[in-house]
Amino acid sequence: MVLRVESLTKEYLKGRKANDDISFEVAAGEVLGLLGHNGAGKTTLVNQVAGLVRPTSGSISLAGRDPVREPAFARSACSIQPQAHAPLNGVTPRQAVEMLGRIRGGRRDQVRRRTEELFAALEMTDSADLPGQRLSGGIRRLTSFCMAAVEPGSLVLLDEPTNDVDPVRRRLLWAEVRRLADDGRAVIVVTHSLGEAERGVDRVVVLDEGRVVALGTPTELRRAVPGELRLELTVNPQAPALVAPAWAGPQATNGNRTSIPVPAEYTQEAVGWAAQLRTEGLVDEFALSPVTLEDVYIQLTAEQKEERHDVAA
Amino acid sequence: MTWLRSYGLLVRWSAVRLKFVLPLMLIVQTLLAVGIVVGFAFLLPGIDQQTALYLSTGAPALGLIVVGMVLAPQMVAETKTSGTFEYNRTMPVPRSAILAADLSIWLLTSLPGLVLSLIVAALRFDLTLRVSALVVPAVLLVAVTATAIGYAIAYAAPPALASLVSQVIVFFALMFSPVNFPADRLPGWLQAVHQVLPIQYMAEAIRQTLVVPPGGLSATPFLVLAAWCAFGLAVTMKVMTRRS
């Protein structure tokens, strides 16, 4: 196990827990997605693992050692892409990535080759020699990713690596993330982009208000919500309100779009019903799709909110 | 060995990032030197030997003070706002190597300006320098102390406050400190304040090594500066290694 976190708690102020009793593990070759709202405690968690923040209680084992007692070791065992932009003013991506590779202990020729490979893989060779202040936000973010990936530690921590990145390069980036894992690194990706996480990660930890509310593979998590499918209807604005059949789960409406959970065994009925509605002109369009991680995430965090509300009441 | 390797790479990393700022520093320091040597002379009715001595050795001292205690902390404040400070914290290098690399860069930055300001002074006044061999350690000590104090302020205070404090320092050093004029022109209480502050000793260390007084060098400025230097470095290291 590259990383083992046990009962980790961090209180910045008395009674305000940024991380609350968090436990999970990441193995070599694995990509772990860390999901959660803004302020859910994701960055706090990452910083503790990297030896930058001291936990209030609990333990961390990184490659068999303790980052709290040996922060210098933690910094060399982890390569981090922080959430903030890397310092690139006056520096070209190539200079920055090669320099970080060297600072992380890489040999000059090896670092040069690896930098070239990464730039080619992310299709950013054209921007490689432009000074930082002339780069787009997406290229800056990719450069920051390369700075973490050029000479990776046994644990690679990526804090929102795809922000500002265009859709095509996002896919390329996820391919590079997978390659890091295939090369034997453990990778943690902090992200809000659930669609991407669904395709790119092996397991997911969902944090809410500092606590782990779900942990498992995307498939395992999807099983946790009612109905394995979603029927999405684009309702005709002039039509009267829909009356959903008995098999339908609780519907959610957003503007003229309505989403209805459908158990898998009612697939045919659902399609039949939706087709009927369209024939009658009540809906303009429909789609039946599997539950996404986003549905799971929204449900989980909403449940947590209700629970807290109940406790408070 | 790893320390030296980290140090070398960090110096290069800073140098690459600062190469746009360096020419600006040179210009600022040169203007400052010209301002003091030429401009201050307008304020005074006549330039005697002592005034010339104070103005021409005060200019390089102020140059070092401005770079170390004004420009350096402003750059640190900027790195804190831009996230560079946090980024550097994640790098697998000894904290002391980061600080040493920064100090080296600032030292290199202030040297050309120092030389230029001396040239300006020499052109303006017929000053005979009696340079001591100790001028090199004196300049080093003044530059490192100024930067160490500047860094301590910038690291310990929030960015906006650090910028404000550094503005106050330049004003105070220029107008209310015995750098360009003898201390006995100041009121007694201000003289007493300067017995403790490093500014007067910075000016003295530079002055007495450029134009060695007949009685020889005094050790006091060096001792006081060494203490301030150690204090500044200690505060900076403490903030750099702090883990919340």
# chains A, B, ... in the order shown; residues from 1 in each chain; ligands from 1
call {"tool": "interface_residues", "arguments": {"of": "chain B", "to": "chain A", "cutoff": "9 Å", "atoms": "only C-alpha atoms", "output": "list in words"}}
result
Arg5, Ser6, Leu9, Leu10, Arg12, Trp13, Val16, Arg17, Leu18, Lys19, Phe20, Thr79, Ser82, Gly83, Thr84, Phe85, Glu86, Tyr87, Asn88, Arg89, Thr90, Met91, Pro92, Val93, Pro94, Arg242, Arg243 and Ser244 of chain B
call {"tool": "write_last_selection", "arguments": {"atoms": "C-alpha atoms", "output": "PDB file, in the first residue's frame"}}
result
ATOM      1  CA  ARG B   5      22.598  20.632  -5.833  1.00  0.00           C
ATOM      2  CA  SER B   6      19.222  21.951  -4.636  1.00  0.00           C
ATOM      3  CA  LEU B   9      19.061  24.569  -9.152  1.00  0.00           C
ATOM      4  CA  LEU B  10      17.009  26.975  -7.055  1.00  0.00           C
ATOM      5  CA  ARG B  12      18.823  29.083 -11.580  1.00  0.00           C
ATOM      6  CA  TRP B  13      15.060  28.710 -11.094  1.00  0.00           C
ATOM      7  CA  VAL B  16      15.061  32.599 -14.821  1.00  0.00           C
ATOM      8  CA  ARG B  17      11.949  34.001 -13.182  1.00  0.00           C
ATOM      9  CA  LEU B  18      13.582  37.244 -12.110  1.00  0.00           C
ATOM     10  CA  LYS B  19      15.396  38.091 -15.309  1.00  0.00           C
ATOM     11  CA  PHE B  20      12.687  40.627 -16.175  1.00  0.00           C
ATOM     12  CA  THR B  79       4.780  35.428  -4.465  1.00  0.00           C
ATOM     13  CA  SER B  82       0.304  34.635  -6.720  1.00  0.00           C
ATOM     14  CA  GLY B  83       0.636  31.236  -5.046  1.00  0.00           C
ATOM     15  CA  THR B  84       4.344  30.846  -5.795  1.00  0.00           C
ATOM     16  CA  PHE B  85       5.098  30.784  -2.075  1.00  0.00           C
ATOM     17  CA  GLU B  86       2.737  27.853  -1.525  1.00  0.00           C
ATOM     18  CA  TYR B  87       4.080  26.131  -4.616  1.00  0.00           C
ATOM     19  CA  ASN B  88       7.674  26.383  -3.461  1.00  0.00           C
ATOM     20  CA  ARG B  89       6.664  24.848  -0.149  1.00  0.00           C
ATOM     21  CA  THR B  90       5.779  21.603  -1.949  1.00  0.00           C
ATOM     22  CA  MET B  91       9.206  21.196  -3.558  1.00  0.00           C
ATOM     23  CA  PRO B  92      11.453  18.445  -2.217  1.00  0.00           C
ATOM     24  CA  VAL B  93      14.337  20.747  -1.261  1.00  0.00           C
ATOM     25  CA  PRO B  94      15.669  21.884   2.113  1.00  0.00           C
ATOM     26  CA  ARG B 242       5.872  26.247   9.901  1.00  0.00           C
ATOM     27  CA  ARG B 243       3.138  23.678   9.398  1.00  0.00           C
ATOM     28  CA  SER B 244      -0.345  24.768  10.343  1.00  0.00           C
TER      29      SER B 244
END
call {"tool": "residues_around", "arguments": {"residues": "A:Glu228", "least_positions_apart": "6", "cutoff": "10 Å", "atoms": "only C-alpha atoms", "output": "short mmCIF file (atom, residue, chain, number, x, y, z; two decimals) with C-alpha atoms, in the first residue's frame"}}
result
data_model
loop_
_atom_site.label_atom_id
_atom_site.label_comp_id
_atom_site.auth_asym_id
_atom_site.auth_seq_id
_atom_site.Cartn_x
_atom_site.Cartn_y
_atom_site.Cartn_z
CA ARG A 222 -23.97 3.82 -8.47
CA PRO A 261 -35.28 7.23 -11.75
CA VAL A 262 -36.21 3.95 -13.42
CA PRO A 263 -35.48 0.45 -12.02
CA ALA A 264 -33.73 -1.67 -14.68
CA GLU A 265 -36.60 -4.21 -14.94
CA THR A 267 -36.79 -0.37 -19.02
CA SER A 289 -29.36 6.49 -19.53
CA PRO A 290 -27.57 4.76 -16.67
CA VAL A 291 -27.22 6.57 -13.36
CA THR A 292 -24.11 8.71 -13.35
#
call {"tool": "residues_around", "arguments": {"residues": "B:Leu233", "least_positions_apart": "5", "cutoff": "9 Å", "atoms": "only C-alpha atoms", "output": "PDB file with C-alpha atoms, in the first residue's frame"}}
result
ATOM      1  CA  LEU B  99      16.299  30.906   1.550  1.00  0.00           C
ATOM      2  CA  THR B 145      20.963  41.681   6.811  1.00  0.00           C
ATOM      3  CA  ALA B 148      16.876  38.931   5.995  1.00  0.00           C
ATOM      4  CA  ILE B 149      14.922  41.659   7.784  1.00  0.00           C
ATOM      5  CA  TYR B 151      12.085  38.670   4.327  1.00  0.00           C
ATOM      6  CA  ALA B 152      11.163  38.353   7.992  1.00  0.00           C
ATOM      7  CA  TRP B 228      19.937  41.651  13.243  1.00  0.00           C
ATOM      8  CA  LYS B 238      10.507  29.725  11.331  1.00  0.00           C
TER       9      LYS B 238
END
call {"tool": "residues_around", "arguments": {"residues": "stretch 159-166 of chain A", "least_positions_apart": "2", "cutoff": "8 Å", "atoms": "only C-alpha atoms", "output": "PyMOL selection string"}}
result
chain A and resi 43+80-83+137-139+141-142+145+157+168-170+173+189-192
call {"tool": "write_last_selection", "arguments": {"atoms": "C-alpha atoms", "output": "PDB file, in the first residue's frame"}}
result
ATOM      1  CA  THR A  43      -7.121  20.138  -0.141  1.00  0.00           C
ATOM      2  CA  ILE A  80       1.990  17.547  -6.156  1.00  0.00           C
ATOM      3  CA  GLN A  81       0.075  19.596  -8.626  1.00  0.00           C
ATOM      4  CA  PRO A  82      -1.391  22.235  -6.298  1.00  0.00           C
ATOM      5  CA  GLN A  83      -4.751  23.803  -6.950  1.00  0.00           C
ATOM      6  CA  GLY A 137      -5.154  29.127 -18.363  1.00  0.00           C
ATOM      7  CA  GLY A 138      -5.471  25.623 -19.771  1.00  0.00           C
ATOM      8  CA  ILE A 139      -1.847  25.426 -20.883  1.00  0.00           C
ATOM      9  CA  ARG A 141      -2.690  24.048 -15.789  1.00  0.00           C
ATOM     10  CA  LEU A 142      -1.231  21.398 -18.091  1.00  0.00           C
ATOM     11  CA  PHE A 145       0.509  18.849 -14.280  1.00  0.00           C
ATOM     12  CA  LEU A 157      -1.339  14.225  -5.929  1.00  0.00           C
ATOM     13  CA  VAL A 168      -9.770  17.300 -26.055  1.00  0.00           C
ATOM     14  CA  ARG A 169      -6.739  17.814 -23.845  1.00  0.00           C
ATOM     15  CA  ARG A 170      -8.735  16.680 -20.787  1.00  0.00           C
ATOM     16  CA  LEU A 173      -4.515  14.359 -19.528  1.00  0.00           C
ATOM     17  CA  VAL A 189      -7.011  13.140  -8.314  1.00  0.00           C
ATOM     18  CA  VAL A 190      -9.047  15.839  -6.606  1.00  0.00           C
ATOM     19  CA  THR A 191     -11.831  16.848  -8.946  1.00  0.00           C
ATOM     20  CA  HIS A 192     -15.295  18.312  -9.323  1.00  0.00           C
TER      21      HIS A 192
END
call {"tool": "atom_distance", "arguments": {"atom1": "atom CA of A:Val204", "atom2": "atom CA of A:Gln299"}}
result
15.2 Å
call {"tool": "residues_around", "arguments": {"residues": "B:Gly232", "least_positions_apart": "5", "cutoff": "12 Å", "atoms": "only C-alpha atoms", "output": "VMD selection string"}}
result
chain B and resid 68 to 69 99 103 144 to 156 198 225 to 227 237 to 239
call {"tool": "residues_around", "arguments": {"residues": "B:Ala138", "least_positions_apart": "3", "cutoff": "7 Å", "atoms": "only C-alpha atoms", "output": "PyMOL selection string"}}
result
chain B and resi 134-135+141-142+205-206
call {"tool": "residues_around", "arguments": {"residues": "A:Val243", "least_positions_apart": "6", "cutoff": "12 Å", "atoms": "only C-alpha atoms", "output": "list in words"}}
result
Gly249, Pro250, Gln251, Thr258, Ile260, Trp273, Ala274, Leu277 and Leu282 of chain A
call {"tool": "select_by_dssp", "arguments": {"residues": "stretch 49-219 of chain B", "states": "alpha helix (DSSP H)", "output": "PyMOL selection string"}}
result
chain B and resi 49-66+72-82+84-89+95-124+135-156+159-175+188-196+199-210
call {"tool": "atom_distance", "arguments": {"atom1": "atom CA of B:Arg207", "atom2": "atom CA of B:Thr57"}}
result
5.3 Å
call {"tool": "closest_residue", "arguments": {"among": "B:Ala121, B:Val115, B:Ala100, B:Leu31", "to": "B:Val66", "atoms": "only C-alpha atoms"}}
result
B:Leu31
call {"tool": "select_by_dssp", "arguments": {"residues": "stretch 117-290 of chain A", "states": "strand (DSSP E)", "output": "ChimeraX atom specification"}}
result
/A:155-159,186-190,203-208,211-216,229-235,252-254,257-262,283-290
call {"tool": "closest_residue", "arguments": {"among": "B:Leu55, B:Ile65, B:Ala157, B:Met240", "to": "B:Val37", "atoms": "only C-alpha atoms"}}
result
B:Leu55
call {"tool": "decode", "arguments": {"residues": "stretch 57-101 of chain B", "atoms": "C-alpha atoms", "output": "compact mmCIF listing (two decimals), in the first residue's frame"}}
result
# COMPACT_ATOMS: atom_id res chain seq x y z
CA THR B 57 28.68 56.53 0.86
CA GLY B 58 25.04 56.91 1.90
CA ALA B 59 23.85 56.35 -1.66
CA PRO B 60 25.20 52.79 -1.99
CA ALA B 61 24.04 51.96 1.55
CA LEU B 62 20.53 53.17 0.73
CA GLY B 63 20.64 51.15 -2.48
CA LEU B 64 21.25 47.99 -0.47
CA ILE B 65 18.56 48.94 2.05
CA VAL B 66 16.02 49.60 -0.69
CA VAL B 67 16.72 46.32 -2.50
CA GLY B 68 16.74 44.23 0.67
CA MET B 69 14.07 45.87 2.76
CA VAL B 70 11.71 47.26 0.13
CA LEU B 71 11.98 45.46 -3.20
CA ALA B 72 12.67 41.97 -1.80
CA PRO B 73 9.72 41.98 0.62
CA GLN B 74 7.47 43.35 -2.11
CA MET B 75 8.49 40.43 -4.32
CA VAL B 76 7.80 38.03 -1.46
CA ALA B 77 4.38 39.62 -0.93
CA GLU B 78 3.78 39.12 -4.64
CA THR B 79 4.78 35.43 -4.46
CA LYS B 80 2.37 34.98 -1.58
CA THR B 81 -0.55 36.50 -3.52
CA SER B 82 0.30 34.63 -6.72
CA GLY B 83 0.64 31.24 -5.05
CA THR B 84 4.34 30.85 -5.79
CA PHE B 85 5.10 30.78 -2.08
CA GLU B 86 2.74 27.85 -1.53
CA TYR B 87 4.08 26.13 -4.62
CA ASN B 88 7.67 26.38 -3.46
CA ARG B 89 6.66 24.85 -0.15
CA THR B 90 5.78 21.60 -1.95
CA MET B 91 9.21 21.20 -3.56
CA PRO B 92 11.45 18.44 -2.22
CA VAL B 93 14.34 20.75 -1.26
CA PRO B 94 15.67 21.88 2.11
CA ARG B 95 13.97 25.11 3.22
CA SER B 96 17.36 26.58 4.02
CA ALA B 97 18.40 26.03 0.39
CA ILE B 98 15.38 28.06 -0.78
CA LEU B 99 16.30 30.91 1.55
CA ALA B 100 19.99 30.77 0.64
CA ALA B 101 19.16 30.81 -3.06
